[in-house]
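Colleague: I am attaching a structure below and will ask some questions about it afterwards.
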Amino acid sequence: MAWPARSPRRARLPTNWNQIRAQRLELDNYQCTKVEHGQRCTAQATDVDHIDSMTDDNRIDALRSLCG
């Protein structure tokens, strides 16, 4: 899901977000990591999201790769 152009969350991303995002996608082999009903999604990951949506923790371990 793309963020609106004026999303306040986008403004809080670190200046090296593109590098962090690329690293998370590479670590997950560009595969979605969502698990539903015990099954992992098999779609290609295109997005990187915070595991805890209530924080701005941008460490690699606090992020996950998801499909669109």
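If you're wondering about the labels, chains in the structure tokens are A, B, ... by order shown, residues count from 1 in each chain, ligands from 1 in order shown.
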Let's see if you can do this: from backbone DSSP, list all strand (DSSP E) residues in chain A, as a PyMOL selection string.
Modeller: chain A and resi 35-36+39-40+47-50+63-66
Colleague: How would you write, as number ranges by chain, the set of residues in chain A that DSSP gives as helix (DSSP H, G or I)?
Modeller: A: 8-11, 17-27, 60-62
Colleague: Just the number, please: distance in Å from atom CA of Arg10 of chain A to atom CA of Thr42 of chain A, one decimal.
Modeller: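 Straight-line distance from atom CA of Arg10 of chain A to atom CA of Thr42 of chain A works out to 27.2 Å.
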Colleague: List as a list in words the protein and nucleic acid residues near segment 30-36 of chain A, meaning an atom at most 8 Å away when only C-alpha atoms are counted, but skip any in the same chain fewer than 6 places from it.
Modeller: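 The residues satisfying every condition are Thr42, Ala43, Gln44, Ala45, Thr46, Arg64, Ser65, Leu66 and Cys67 of chain A.
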Colleague: May I ask for the distance between atom CA of Asn18 of chain A and atom CA of Arg40 of chain A, given in Å to one decimal place?
Modeller: 25.1 Å
